[in-house]
Amino acid sequence: MRKLLLACLAVALPSQAQAQEAPDRFLLEAGIVGGNSIACPGRYVGISGQVAGPVSLYGMVENYRCADIAGSANRIGASALLGRSGWVVRPALRAGIEYDGGDVSPTAGASLTFGRRYGARVILHVGDGSDDTNIVLFQMGGFISF
């Protein structure tokens with residue numbers, strides 16, 4: 001009986017450890033966005049999905065409503081996790097393309113994710129805007145992963 005109990009524990013423990021270490025496949029987030037562009041602070045929603053290993057694909061939609069300008073911008077890209085998926089604070093590098101009212105520009109950035117199943121994320125994106133200006137966007141929001 002003792003051998004059977006030890007064998008069951010040996011089988012159960014690795015599978016539990018693997019379930020806890022397995023990264024989530026999707027992350028849904030929402031928050032506020034601001035920066036040095038002509039758009040006032042606005043809102044964003046985004047989704048990220050893990051592709052392979054530390055690489056994820058992401059998509060975002062930003063909406064802004066200001067006194068003199070209103071619109072939306074879309075961003076797609078890829079991110080690469082710089083730490084382990086089990087860390088509570090996870091840094092990542094991001095690269096993508098932004099579409100904003102007919103202008104398409106490349107962006108690069110970094111993010112810090114705080115939490116595992118749900119938490120907060122801070123993102124900084126830098127891109128080439130129109131008229132040879134650099135756009136810096138700062139995003140802060142919450143997420144839930146599943």
# chains A, B, ... in the order shown; residues from 1 in each chain; ligands from 1
$ residues_around --residues "A:Val45" --least-positions-apart "4" --cutoff "6 Å" --atoms "only C-alpha atoms" --output "ChimeraX atom specification"
/A:29-30,60-61
$ write_last_selection --atoms "C-alpha atoms" --output "PDB file, in the first residue's frame"
ATOM      1  CA  GLU A  29      -6.131  43.826 -21.753  1.00  0.00           C
ATOM      2  CA  ALA A  30      -7.610  47.311 -21.603  1.00  0.00           C
ATOM      3  CA  MET A  60      -4.415  46.674 -30.230  1.00  0.00           C
ATOM      4  CA  VAL A  61      -7.057  49.266 -30.977  1.00  0.00           C
TER       5      VAL A  61
END
$ residues_around --residues "stretch 74-90 of chain A" --least-positions-apart "5" --cutoff "6 Å" --atoms "only C-alpha atoms" --output "ChimeraX atom specification"
/A:21,23,54-61,95-99,112-115
$ write_last_selection --atoms "N, CA, C and O atoms" --output "CSV table (one decimal), in the first residue's frame"
chain,number,residue,atom,x,y,z
A,21,GLU,N,3.3,25.8,-14.1
A,21,GLU,CA,4.3,26.4,-14.9
A,21,GLU,C,3.9,26.8,-16.3
A,21,GLU,O,4.5,27.5,-17.0
A,23,PRO,N,2.5,28.5,-19.4
A,23,PRO,CA,2.1,29.8,-19.6
A,23,PRO,C,0.7,29.9,-20.2
A,23,PRO,O,0.2,28.9,-20.9
A,54,PRO,N,8.9,32.0,-26.1
A,54,PRO,CA,8.7,33.4,-25.6
A,54,PRO,C,8.1,34.4,-26.5
A,54,PRO,O,7.9,35.5,-26.2
A,55,VAL,N,7.7,33.9,-27.7
A,55,VAL,CA,7.2,34.9,-28.7
A,55,VAL,C,5.6,34.9,-28.7
A,55,VAL,O,5.0,33.8,-28.7
A,56,SER,N,5.1,36.1,-28.7
A,56,SER,CA,3.6,36.3,-28.8
A,56,SER,C,3.3,37.3,-29.9
A,56,SER,O,4.1,38.1,-30.2
A,57,LEU,N,2.1,37.1,-30.5
A,57,LEU,CA,1.6,38.1,-31.4
A,57,LEU,C,0.6,39.0,-30.7
A,57,LEU,O,-0.1,38.4,-29.8
A,58,TYR,N,0.5,40.3,-31.0
A,58,TYR,CA,-0.5,41.1,-30.3
A,58,TYR,C,-1.2,42.0,-31.3
A,58,TYR,O,-0.7,42.3,-32.4
A,59,GLY,N,-2.4,42.4,-30.9
A,59,GLY,CA,-3.2,43.4,-31.7
A,59,GLY,C,-3.8,44.4,-30.7
A,59,GLY,O,-4.2,44.0,-29.7
A,60,MET,N,-3.9,45.6,-31.1
A,60,MET,CA,-4.4,46.7,-30.2
A,60,MET,C,-5.2,47.6,-31.0
A,60,MET,O,-4.9,47.9,-32.2
A,61,VAL,N,-6.3,48.2,-30.4
A,61,VAL,CA,-7.1,49.3,-31.0
A,61,VAL,C,-7.1,50.4,-29.9
A,61,VAL,O,-7.4,50.1,-28.8
A,95,ALA,N,7.7,44.8,-31.2
A,95,ALA,CA,7.9,45.4,-32.5
A,95,ALA,C,6.7,45.2,-33.3
A,95,ALA,O,6.1,44.2,-33.3
A,96,GLY,N,6.3,46.3,-34.0
A,96,GLY,CA,5.0,46.2,-34.8
A,96,GLY,C,4.8,47.2,-35.8
A,96,GLY,O,5.7,48.0,-36.1
A,97,ILE,N,3.6,47.3,-36.3
A,97,ILE,CA,3.2,48.3,-37.3
A,97,ILE,C,1.9,49.0,-36.8
A,97,ILE,O,1.0,48.3,-36.3
A,98,GLU,N,1.9,50.3,-36.9
A,98,GLU,CA,0.7,51.0,-36.5
A,98,GLU,C,0.0,51.6,-37.7
A,98,GLU,O,0.7,52.2,-38.6
A,99,TYR,N,-1.3,51.6,-37.7
A,99,TYR,CA,-2.1,52.2,-38.8
A,99,TYR,C,-3.0,53.2,-38.1
A,99,TYR,O,-3.8,52.9,-37.3
A,112,LEU,N,6.3,45.9,-19.3
A,112,LEU,CA,6.4,45.1,-18.1
A,112,LEU,C,5.0,44.6,-17.7
A,112,LEU,O,4.1,45.4,-17.6
A,113,THR,N,4.9,43.4,-17.4
A,113,THR,CA,3.6,42.8,-17.0
A,113,THR,C,3.8,42.3,-15.6
A,113,THR,O,4.7,41.7,-15.2
A,114,PHE,N,2.8,42.7,-14.8
A,114,PHE,CA,2.8,42.5,-13.3
A,114,PHE,C,1.6,41.5,-13.0
A,114,PHE,O,0.5,41.9,-13.2
A,115,GLY,N,1.9,40.3,-12.6
A,115,GLY,CA,0.8,39.4,-12.3
A,115,GLY,C,0.9,38.2,-13.2
A,115,GLY,O,1.6,38.2,-14.2
$ atom_distance --atom1 "atom CA of A:Gly119" --atom2 "atom CA of A:Ala52"
22.4 Å
$ residues_around --residues "A:Tyr44" --least-positions-apart "5" --cutoff "12 Å" --atoms "only C-alpha atoms" --output "list in words"
Leu28, Glu29, Ala30, Gly31, Ile32, Val33, Gly34, Gly59, Met60, Val61, Glu62, Asn63, Tyr64, Gly71, Ser72, Ala73, Asn74, Arg75, Ile123, Leu137, Phe138, Gln139, Met140, Gly141, Gly142 and Phe143 of chain A
$ select_by_dssp --residues "stretch 53-115 of chain A" --states "strand (DSSP E)" --output "MDAnalysis selection string"
chainID A and resid 55:65 70:81 89:100 103:115
$ atom_distance --atom1 "atom CA of A:Pro106" --atom2 "atom CA of A:Gly127"
5.8 Å
$ atom_distance --atom1 "atom CA of A:Pro41" --atom2 "atom CA of A:Val104"
20.4 Å
$ closest_residue --among "A:Cys66, A:Gly42, A:Gly35, A:Asp100" --to "A:Leu124" --atoms "only C-alpha atoms"
A:Gly35
